[in-house]
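Student: Okay, here's the structure, questions in a sec.
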Amino acid sequence: MREKEAVRLKKGIQKYSRVNLIHLPTPFRKLENLTDELAGPEIYVKRDDLTGLAFGGNKSRKLEFIVPDMLAKKADVVVTWAALQSNWAMQTAAAARRFGIRPVLVLFKRYDLPEEYDGNMLLDYILDAEIRIKEPIRDKNVKTEDYLAVVEDVAEELRCRGHNPYVISVGGSKVLGSMTLPLGAISYVNAFAETLEQTKAACFEPDYIVHSTGSGATQAGLVVGAKFLAEKTKIVGISVSDEKKSFTKDIMDIAAETEKALGLDPKVESDDVIVFDEYIKDGYGIVNKEVAEVIRLVFTREGIVLDPVYTSKAFVGLMDLIKKGYFKRGDKVVFFHTGGTPALFPNKHKIVELLKQ
Ligand SMILES: *Cc1c(COP(=O)(O)O)cnc(C)c1O
């Protein structure tokens, strides 16, 4: 039964074209020092920060599946939106440039960072991306559609000038704009299969995967992969932005579209989508003392650099869940490092200040 479903899933993924942007499989290993020190489950790391496109990260997996769609639709410009120091925006710009597509990035000021050419904004600038900075949308009930409307205006202007823009939603997650299939999530179904091969080579299937959730496709893809390939593996998403309720719905929607796109019978249920929203703390992208300290801890113990917006908050969540007894002794937990390290640099003053306290 499971064998048959696994074959179907792998065939479903192979239907989609990919461009070769990254180095796969990404490394996988045990975090020996932290496993000892935290005295909870066995902790492993999957290094999707080492995908290799422009400092790496989860967005480059997604782009391997999204770029072919841009090419098929003969786009000459890609338009997307995100926050100022967005990994997604920078990775999209880097991928698009390699295929001769011009990136237009609509960046919303969302948090307390200067508009300076540092971190991802420096890389966007070097890539000669067209950057349009917008004031944040201050409505409390702001929805994806409100951002999409701003970006559609930009796309319309480009169309008037004779361009053929490809519009993608933030993070390459939601099926919106020009992306009519959940290509980002499909890449993470594939990432689950890749991880399972690595854990099986080490003679186990993971009990948990813990990772950071920001726009949903990473989690949706991992959840679909787990459901069809290794049902015992639970996927735990640590939110860095939205509350649990809205994320669970988004992830369920993306997962359902992904099952459909892969020709699978719908199986993912809301119980399969585990999201913790208590580690967002002061808000998206706001560095706190726990974040600064966990970056130091993981760097000193394992030589691995976490980012200050996503993976550090996810690791704070992982440590708190260990403390609260969420995992059993002997459980095998895989922490997905999803990248984002360029954002360390624009946060340098805050990090140093917090570590000095
Ligand atoms: C975007 C991002 C995430 C979240 O992935 P989603 O698929 O958007 O939920 C996690 N970590 C990093 C470093 C990211 O840039």
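Naming works like this for the structure tokens: A, B, ... for the chains as they're shown, residue 1 at the start of each chain, ligands 1 onward in shown order.
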Within 9 Å of ligand 1, which residues of chain A show up? Give each one with its shortest atom-to-atom distance in Å (one decimal) and the two atoms involved, counting only C-alpha atoms and all ligand atoms, rows by chain then rising residue number, as JSON lines.
Tutor:
{"residue": "A:Asp49", "atom": "CA", "partner": "ligand 1", "partner_atom_place_in_ligand_line": "13 (C)", "distance": 7.7}
{"residue": "A:Gly56", "atom": "CA", "partner": "ligand 1", "partner_atom_place_in_ligand_line": "13 (C)", "distance": 9.0}
{"residue": "A:Gly57", "atom": "CA", "partner": "ligand 1", "partner_atom_place_in_ligand_line": "13 (C)", "distance": 6.0}
{"residue": "A:Asn58", "atom": "CA", "partner": "ligand 1", "partner_atom_place_in_ligand_line": "14 (C)", "distance": 6.2}
{"residue": "A:Lys59", "atom": "CA", "partner": "ligand 1", "partner_atom_place_in_ligand_line": "1 (C)", "distance": 6.3}
{"residue": "A:Lys62", "atom": "CA", "partner": "ligand 1", "partner_atom_place_in_ligand_line": "7 (O)", "distance": 8.6}
{"residue": "A:Ser86", "atom": "CA", "partner": "ligand 1", "partner_atom_place_in_ligand_line": "15 (O)", "distance": 6.9}
{"residue": "A:Asn87", "atom": "CA", "partner": "ligand 1", "partner_atom_place_in_ligand_line": "15 (O)", "distance": 4.7}
{"residue": "A:Trp88", "atom": "CA", "partner": "ligand 1", "partner_atom_place_in_ligand_line": "15 (O)", "distance": 5.8}
{"residue": "A:Val170", "atom": "CA", "partner": "ligand 1", "partner_atom_place_in_ligand_line": "8 (O)", "distance": 7.6}
{"residue": "A:Gly171", "atom": "CA", "partner": "ligand 1", "partner_atom_place_in_ligand_line": "8 (O)", "distance": 4.7}
{"residue": "A:Gly172", "atom": "CA", "partner": "ligand 1", "partner_atom_place_in_ligand_line": "8 (O)", "distance": 7.3}
{"residue": "A:Ser173", "atom": "CA", "partner": "ligand 1", "partner_atom_place_in_ligand_line": "7 (O)", "distance": 6.1}
{"residue": "A:Gly184", "atom": "CA", "partner": "ligand 1", "partner_atom_place_in_ligand_line": "7 (O)", "distance": 7.5}
{"residue": "A:Ala185", "atom": "CA", "partner": "ligand 1", "partner_atom_place_in_ligand_line": "7 (O)", "distance": 7.5}
{"residue": "A:Tyr188", "atom": "CA", "partner": "ligand 1", "partner_atom_place_in_ligand_line": "7 (O)", "distance": 8.6}
{"residue": "A:His211", "atom": "CA", "partner": "ligand 1", "partner_atom_place_in_ligand_line": "10 (C)", "distance": 7.2}
{"residue": "A:Ser212", "atom": "CA", "partner": "ligand 1", "partner_atom_place_in_ligand_line": "10 (C)", "distance": 4.8}
{"residue": "A:Thr213", "atom": "CA", "partner": "ligand 1", "partner_atom_place_in_ligand_line": "9 (O)", "distance": 3.8}
{"residue": "A:Gly214", "atom": "CA", "partner": "ligand 1", "partner_atom_place_in_ligand_line": "9 (O)", "distance": 3.6}
{"residue": "A:Ser215", "atom": "CA", "partner": "ligand 1", "partner_atom_place_in_ligand_line": "8 (O)", "distance": 3.5}
{"residue": "A:Gly216", "atom": "CA", "partner": "ligand 1", "partner_atom_place_in_ligand_line": "9 (O)", "distance": 3.7}
{"residue": "A:Ala217", "atom": "CA", "partner": "ligand 1", "partner_atom_place_in_ligand_line": "7 (O)", "distance": 4.1}
{"residue": "A:Thr218", "atom": "CA", "partner": "ligand 1", "partner_atom_place_in_ligand_line": "7 (O)", "distance": 3.7}
{"residue": "A:Gln219", "atom": "CA", "partner": "ligand 1", "partner_atom_place_in_ligand_line": "9 (O)", "distance": 6.2}
{"residue": "A:Ala220", "atom": "CA", "partner": "ligand 1", "partner_atom_place_in_ligand_line": "7 (O)", "distance": 8.0}
{"residue": "A:Gly221", "atom": "CA", "partner": "ligand 1", "partner_atom_place_in_ligand_line": "7 (O)", "distance": 8.6}
{"residue": "A:Gly237", "atom": "CA", "partner": "ligand 1", "partner_atom_place_in_ligand_line": "9 (O)", "distance": 8.4}
{"residue": "A:Ser239", "atom": "CA", "partner": "ligand 1", "partner_atom_place_in_ligand_line": "9 (O)", "distance": 8.1}
{"residue": "A:Val240", "atom": "CA", "partner": "ligand 1", "partner_atom_place_in_ligand_line": "4 (C)", "distance": 8.2}
{"residue": "A:Ile251", "atom": "CA", "partner": "ligand 1", "partner_atom_place_in_ligand_line": "9 (O)", "distance": 8.9}
{"residue": "A:Leu306", "atom": "CA", "partner": "ligand 1", "partner_atom_place_in_ligand_line": "13 (C)", "distance": 8.7}
{"residue": "A:Asp307", "atom": "CA", "partner": "ligand 1", "partner_atom_place_in_ligand_line": "13 (C)", "distance": 6.7}
{"residue": "A:Pro308", "atom": "CA", "partner": "ligand 1", "partner_atom_place_in_ligand_line": "13 (C)", "distance": 8.8}
{"residue": "A:Val309", "atom": "CA", "partner": "ligand 1", "partner_atom_place_in_ligand_line": "13 (C)", "distance": 7.2}
{"residue": "A:Tyr310", "atom": "CA", "partner": "ligand 1", "partner_atom_place_in_ligand_line": "11 (N)", "distance": 4.7}
{"residue": "A:Thr311", "atom": "CA", "partner": "ligand 1", "partner_atom_place_in_ligand_line": "11 (N)", "distance": 5.8}
{"residue": "A:Ala314", "atom": "CA", "partner": "ligand 1", "partner_atom_place_in_ligand_line": "10 (C)", "distance": 8.8}
{"residue": "A:Phe336", "atom": "CA", "partner": "ligand 1", "partner_atom_place_in_ligand_line": "11 (N)", "distance": 8.7}
{"residue": "A:His337", "atom": "CA", "partner": "ligand 1", "partner_atom_place_in_ligand_line": "11 (N)", "distance": 7.2}
{"residue": "A:Thr338", "atom": "CA", "partner": "ligand 1", "partner_atom_place_in_ligand_line": "11 (N)", "distance": 4.4}
{"residue": "A:Gly339", "atom": "CA", "partner": "ligand 1", "partner_atom_place_in_ligand_line": "13 (C)", "distance": 4.0}
{"residue": "A:Gly340", "atom": "CA", "partner": "ligand 1", "partner_atom_place_in_ligand_line": "13 (C)", "distance": 3.7}
{"residue": "A:Thr341", "atom": "CA", "partner": "ligand 1", "partner_atom_place_in_ligand_line": "13 (C)", "distance": 7.2}
{"residue": "A:Ala343", "atom": "CA", "partner": "ligand 1", "partner_atom_place_in_ligand_line": "13 (C)", "distance": 8.9}
Student: So which bits of segment 66-172 of chain A end up helix (DSSP H, G or I) when you DSSP the backbone, as a PyMOL selection string?
Tutor: chain A and resi 66-72+87-98+119-126+144-160+170-172
Student: Any chance you can output those residues with C-alpha atoms as a PDB file, in the first residue's frame?
Tutor:
ATOM      1  CA  ILE A  66       8.912  27.862 -10.226  1.00  0.00           C
ATOM      2  CA  VAL A  67      11.476  29.136 -12.768  1.00  0.00           C
ATOM      3  CA  PRO A  68      10.389  26.583 -15.448  1.00  0.00           C
ATOM      4  CA  ASP A  69       6.859  27.968 -15.136  1.00  0.00           C
ATOM      5  CA  MET A  70       8.199  31.512 -15.678  1.00  0.00           C
ATOM      6  CA  LEU A  71      10.053  30.270 -18.765  1.00  0.00           C
ATOM      7  CA  ALA A  72       7.034  28.325 -20.085  1.00  0.00           C
ATOM      8  CA  ASN A  87      15.257  35.943   1.693  1.00  0.00           C
ATOM      9  CA  TRP A  88      12.511  35.095  -0.757  1.00  0.00           C
ATOM     10  CA  ALA A  89      12.886  38.356  -2.696  1.00  0.00           C
ATOM     11  CA  MET A  90      16.662  38.011  -2.922  1.00  0.00           C
ATOM     12  CA  GLN A  91      16.581  34.337  -3.924  1.00  0.00           C
ATOM     13  CA  THR A  92      13.922  35.054  -6.553  1.00  0.00           C
ATOM     14  CA  ALA A  93      16.071  37.846  -7.961  1.00  0.00           C
ATOM     15  CA  ALA A  94      19.138  35.586  -8.067  1.00  0.00           C
ATOM     16  CA  ALA A  95      17.270  32.712  -9.772  1.00  0.00           C
ATOM     17  CA  ALA A  96      15.514  34.999 -12.263  1.00  0.00           C
ATOM     18  CA  ARG A  97      18.743  36.761 -13.261  1.00  0.00           C
ATOM     19  CA  ARG A  98      20.361  33.439 -14.171  1.00  0.00           C
ATOM     20  CA  GLY A 119      22.114  41.824   4.149  1.00  0.00           C
ATOM     21  CA  ASN A 120      19.607  40.787   1.505  1.00  0.00           C
ATOM     22  CA  MET A 121      19.055  44.379   0.337  1.00  0.00           C
ATOM     23  CA  LEU A 122      22.731  44.627  -0.505  1.00  0.00           C
ATOM     24  CA  LEU A 123      22.454  41.400  -2.506  1.00  0.00           C
ATOM     25  CA  ASP A 124      19.285  42.678  -4.248  1.00  0.00           C
ATOM     26  CA  TYR A 125      21.199  45.808  -5.171  1.00  0.00           C
ATOM     27  CA  ILE A 126      24.197  43.882  -6.508  1.00  0.00           C
ATOM     28  CA  THR A 144      -2.544  38.460   1.158  1.00  0.00           C
ATOM     29  CA  GLU A 145      -5.030  39.934  -1.317  1.00  0.00           C
ATOM     30  CA  ASP A 146      -4.157  43.475  -0.153  1.00  0.00           C
ATOM     31  CA  TYR A 147      -0.477  42.900  -0.956  1.00  0.00           C
ATOM     32  CA  LEU A 148      -1.372  41.160  -4.201  1.00  0.00           C
ATOM     33  CA  ALA A 149      -3.395  44.222  -5.248  1.00  0.00           C
ATOM     34  CA  VAL A 150      -0.349  46.498  -4.828  1.00  0.00           C
ATOM     35  CA  VAL A 151       1.813  44.096  -6.826  1.00  0.00           C
ATOM     36  CA  GLU A 152      -0.851  43.694  -9.546  1.00  0.00           C
ATOM     37  CA  ASP A 153      -0.735  47.489 -10.019  1.00  0.00           C
ATOM     38  CA  VAL A 154       3.008  47.248 -10.598  1.00  0.00           C
ATOM     39  CA  ALA A 155       2.476  44.321 -13.001  1.00  0.00           C
ATOM     40  CA  GLU A 156      -0.138  46.322 -14.912  1.00  0.00           C
ATOM     41  CA  GLU A 157       2.290  49.206 -15.303  1.00  0.00           C
ATOM     42  CA  LEU A 158       4.903  46.762 -16.658  1.00  0.00           C
ATOM     43  CA  ARG A 159       2.363  45.281 -19.102  1.00  0.00           C
ATOM     44  CA  CYS A 160       1.599  48.794 -20.393  1.00  0.00           C
ATOM     45  CA  VAL A 170       5.327  36.116  -1.068  1.00  0.00           C
ATOM     46  CA  GLY A 171       7.398  33.030  -0.277  1.00  0.00           C
ATOM     47  CA  GLY A 172       6.273  31.196  -3.431  1.00  0.00           C
TER      48      GLY A 172
END
Student: Quick one: contact table of segment 207-256 of chain A to segment 8-12 of chain A, 9 Å max, nearest atom pair and distance in Å to one decimal per residue, counting only C-alpha atoms, chain and number order, as a tab-separated table?
Tutor:
residue	atom	partner	partner_atom	distance
A:Gly225	CA	A:Leu9	CA	8.3
A:Phe228	CA	A:Leu9	CA	7.6
A:Leu229	CA	A:Leu9	CA	8.6
Student: Restricting the output to N, CA and C atoms, write the selected residues as a PDB file, in the first residue's frame.
Tutor:
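Output contents, as saved in part_16.pdb:
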ATOM      1  N   GLY A 225       4.465  15.061   2.210  1.00  0.00           N
ATOM      2  CA  GLY A 225       5.500  14.030   2.107  1.00  0.00           C
ATOM      3  C   GLY A 225       5.382  13.021   3.243  1.00  0.00           C
ATOM      4  N   PHE A 228       2.298  10.573   3.078  1.00  0.00           N
ATOM      5  CA  PHE A 228       2.320   9.493   2.083  1.00  0.00           C
ATOM      6  C   PHE A 228       3.554   8.601   2.169  1.00  0.00           C
ATOM      7  N   LEU A 229       4.619   9.094   2.826  1.00  0.00           N
ATOM      8  CA  LEU A 229       5.861   8.304   2.803  1.00  0.00           C
ATOM      9  C   LEU A 229       6.261   7.740   4.170  1.00  0.00           C
TER      10      LEU A 229
END
Student: List the neighbours of Leu318 of chain A out to 10 Å using only C-alpha atoms; skip same-chain residues closer than 6 positions along the sequence, and give me the result as a list of chain:residue names.
Tutor: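 In the requested format, the answer is A:Ile43, A:Val210, A:His211, A:Val236, A:Gly237, A:Ile238, A:Tyr279, A:Ser312, A:Lys324, A:Tyr326, A:Phe327, A:Val333, A:Phe335.
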Student: Given the selection you just returned, output its residues as a file containing N, CA, C and O atoms, formatted as a PDB file, in the first residue's frame.
Tutor:
ATOM      1  N   ILE A  43      18.781  14.948  18.321  1.00  0.00           N
ATOM      2  CA  ILE A  43      18.522  16.049  17.383  1.00  0.00           C
ATOM      3  C   ILE A  43      19.441  15.919  16.169  1.00  0.00           C
ATOM      4  O   ILE A  43      20.649  15.751  16.312  1.00  0.00           O
ATOM      5  N   VAL A 210      11.103  19.566  12.831  1.00  0.00           N
ATOM      6  CA  VAL A 210      10.774  20.894  13.371  1.00  0.00           C
ATOM      7  C   VAL A 210      11.383  21.923  12.431  1.00  0.00           C
ATOM      8  O   VAL A 210      12.542  21.808  12.025  1.00  0.00           O
ATOM      9  N   HIS A 211      10.593  22.938  12.065  1.00  0.00           N
ATOM     10  CA  HIS A 211      11.100  23.965  11.135  1.00  0.00           C
ATOM     11  C   HIS A 211      10.311  25.246  11.340  1.00  0.00           C
ATOM     12  O   HIS A 211       9.281  25.266  12.016  1.00  0.00           O
ATOM     13  N   VAL A 236       6.323  19.722  12.724  1.00  0.00           N
ATOM     14  CA  VAL A 236       6.015  20.802  13.678  1.00  0.00           C
ATOM     15  C   VAL A 236       6.525  22.121  13.105  1.00  0.00           C
ATOM     16  O   VAL A 236       7.724  22.309  12.929  1.00  0.00           O
ATOM     17  N   GLY A 237       5.600  23.023  12.806  1.00  0.00           N
ATOM     18  CA  GLY A 237       5.967  24.333  12.270  1.00  0.00           C
ATOM     19  C   GLY A 237       5.973  25.366  13.383  1.00  0.00           C
ATOM     20  O   GLY A 237       5.025  25.450  14.164  1.00  0.00           O
ATOM     21  N   ILE A 238       7.052  26.125  13.465  1.00  0.00           N
ATOM     22  CA  ILE A 238       7.119  27.214  14.448  1.00  0.00           C
ATOM     23  C   ILE A 238       6.871  28.506  13.668  1.00  0.00           C
ATOM     24  O   ILE A 238       7.695  28.902  12.835  1.00  0.00           O
ATOM     25  N   TYR A 279       6.109  31.593  19.759  1.00  0.00           N
ATOM     26  CA  TYR A 279       7.519  32.018  19.722  1.00  0.00           C
ATOM     27  C   TYR A 279       7.742  33.235  18.809  1.00  0.00           C
ATOM     28  O   TYR A 279       8.868  33.655  18.604  1.00  0.00           O
ATOM     29  N   SER A 312      16.279  30.831  14.080  1.00  0.00           N
ATOM     30  CA  SER A 312      16.548  31.025  15.515  1.00  0.00           C
ATOM     31  C   SER A 312      15.251  30.913  16.308  1.00  0.00           C
ATOM     32  O   SER A 312      15.217  30.284  17.364  1.00  0.00           O
ATOM     33  N   LYS A 324       9.534  21.417  27.953  1.00  0.00           N
ATOM     34  CA  LYS A 324       8.168  21.108  28.405  1.00  0.00           C
ATOM     35  C   LYS A 324       7.825  19.627  28.287  1.00  0.00           C
ATOM     36  O   LYS A 324       6.694  19.233  28.551  1.00  0.00           O
ATOM     37  N   TYR A 326       7.626  17.783  25.490  1.00  0.00           N
ATOM     38  CA  TYR A 326       6.826  17.481  24.293  1.00  0.00           C
ATOM     39  C   TYR A 326       7.321  16.210  23.593  1.00  0.00           C
ATOM     40  O   TYR A 326       6.539  15.469  23.019  1.00  0.00           O
ATOM     41  N   PHE A 327       8.638  15.994  23.625  1.00  0.00           N
ATOM     42  CA  PHE A 327       9.212  14.811  22.971  1.00  0.00           C
ATOM     43  C   PHE A 327       9.564  13.763  24.019  1.00  0.00           C
ATOM     44  O   PHE A 327       9.854  14.099  25.165  1.00  0.00           O
ATOM     45  N   VAL A 333      14.458  13.743  16.238  1.00  0.00           N
ATOM     46  CA  VAL A 333      13.903  15.002  15.762  1.00  0.00           C
ATOM     47  C   VAL A 333      14.856  15.603  14.727  1.00  0.00           C
ATOM     48  O   VAL A 333      16.043  15.777  14.999  1.00  0.00           O
ATOM     49  N   PHE A 335      15.788  18.873  12.725  1.00  0.00           N
ATOM     50  CA  PHE A 335      15.593  20.316  12.613  1.00  0.00           C
ATOM     51  C   PHE A 335      15.982  20.739  11.204  1.00  0.00           C
ATOM     52  O   PHE A 335      17.098  20.491  10.754  1.00  0.00           O
TER      53      PHE A 335
END
Student: Could you give me, as a list in words, the residues within 12 Å of Glu269 of chain A, counting only C-alpha atoms and dropping anything in the same chain fewer than 6 positions from it?
Tutor: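 With the cut-off at 12 Å, the set is Ala220, Val223, Val224, Lys227, Thr248, Lys249, Ile251, Met252, Asp253, Ala255, Ala256 and Glu259 of chain A.
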Student: Would you mind writing down, as a ChimeraX atom specification, each residue of segment 204-339 of chain A that DSSP on the backbone assigns to strand (DSSP E or B)?
Tutor: /A:208-213,234-239,274-276,332-337,339
Student: Find, counting only C-alpha atoms, the residue in A:Ser17, A:Asn33, A:Met179, A:Gly40 that gets nearest to Lys323 of chain A.
Tutor: A:Gly40
Student: Hey, which of A:Leu222, A:Leu38, A:Ala82, A:Val305 ends up closest to Leu50 of chain A? Count only C-alpha atoms.
Tutor: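 Closest to Leu50 of chain A of all the choices is A:Val305.
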Student: Counting only C-alpha atoms, figure out which residue out of A:Lys260, A:Leu105, A:Thr199, A:Ile137 gets nearest to Pro165 of chain A.
Tutor: A:Leu105
Student: Here is a test: counting only C-alpha atoms, which residue of A:Phe276, A:Arg329, A:Phe299, A:Tyr117 is nearest to Gly317 of chain A?
Tutor: A:Phe276
Student: Could you please determine the separation between atom CA of Asn141 of chain A and atom CA of Val268 of chain A in Å, to one decimal place?
Tutor: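 Atom CA of Val268 of chain A lies 27.7 Å from atom CA of Asn141 of chain A.
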Student: In Å, rounded to a single decimal, give me how far atom CA of Glu302 of chain A is from atom CA of Glu290 of chain A.
Tutor: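 Taking atom CA of Glu290 of chain A and atom CA of Glu302 of chain A, their separation equals 17.6 Å.
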Student: Might you pull out every residue within 10 Å of Glu116 of chain A, with only C-alpha atoms counted and same-chain residues fewer than 6 positions away left off, and present them as a PyMOL selection string?
Tutor: chain A and resi 84-85+122+346
Student: Ranking A:Val77, A:Val275, A:Ala261, A:Ala201 by minimum distance to Thr180 of chain A and counting only C-alpha atoms, which one comes first?
Tutor: A:Ala261
Student: So which one's closest to Ile22 of chain A, A:Lys4, A:Glu293, A:Leu63, A:Pro41? Using only C-alpha atoms, please.
Tutor: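 Using only C-alpha atoms, the shortest distance to Ile22 of chain A belongs to A:Leu63.
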Student: How many Å lie between atom CA of Ala75 of chain A and atom CA of Ile101 of chain A, rounded to one decimal?
Tutor: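 Atom CA of Ala75 of chain A sits 7.1 Å away from atom CA of Ile101 of chain A.
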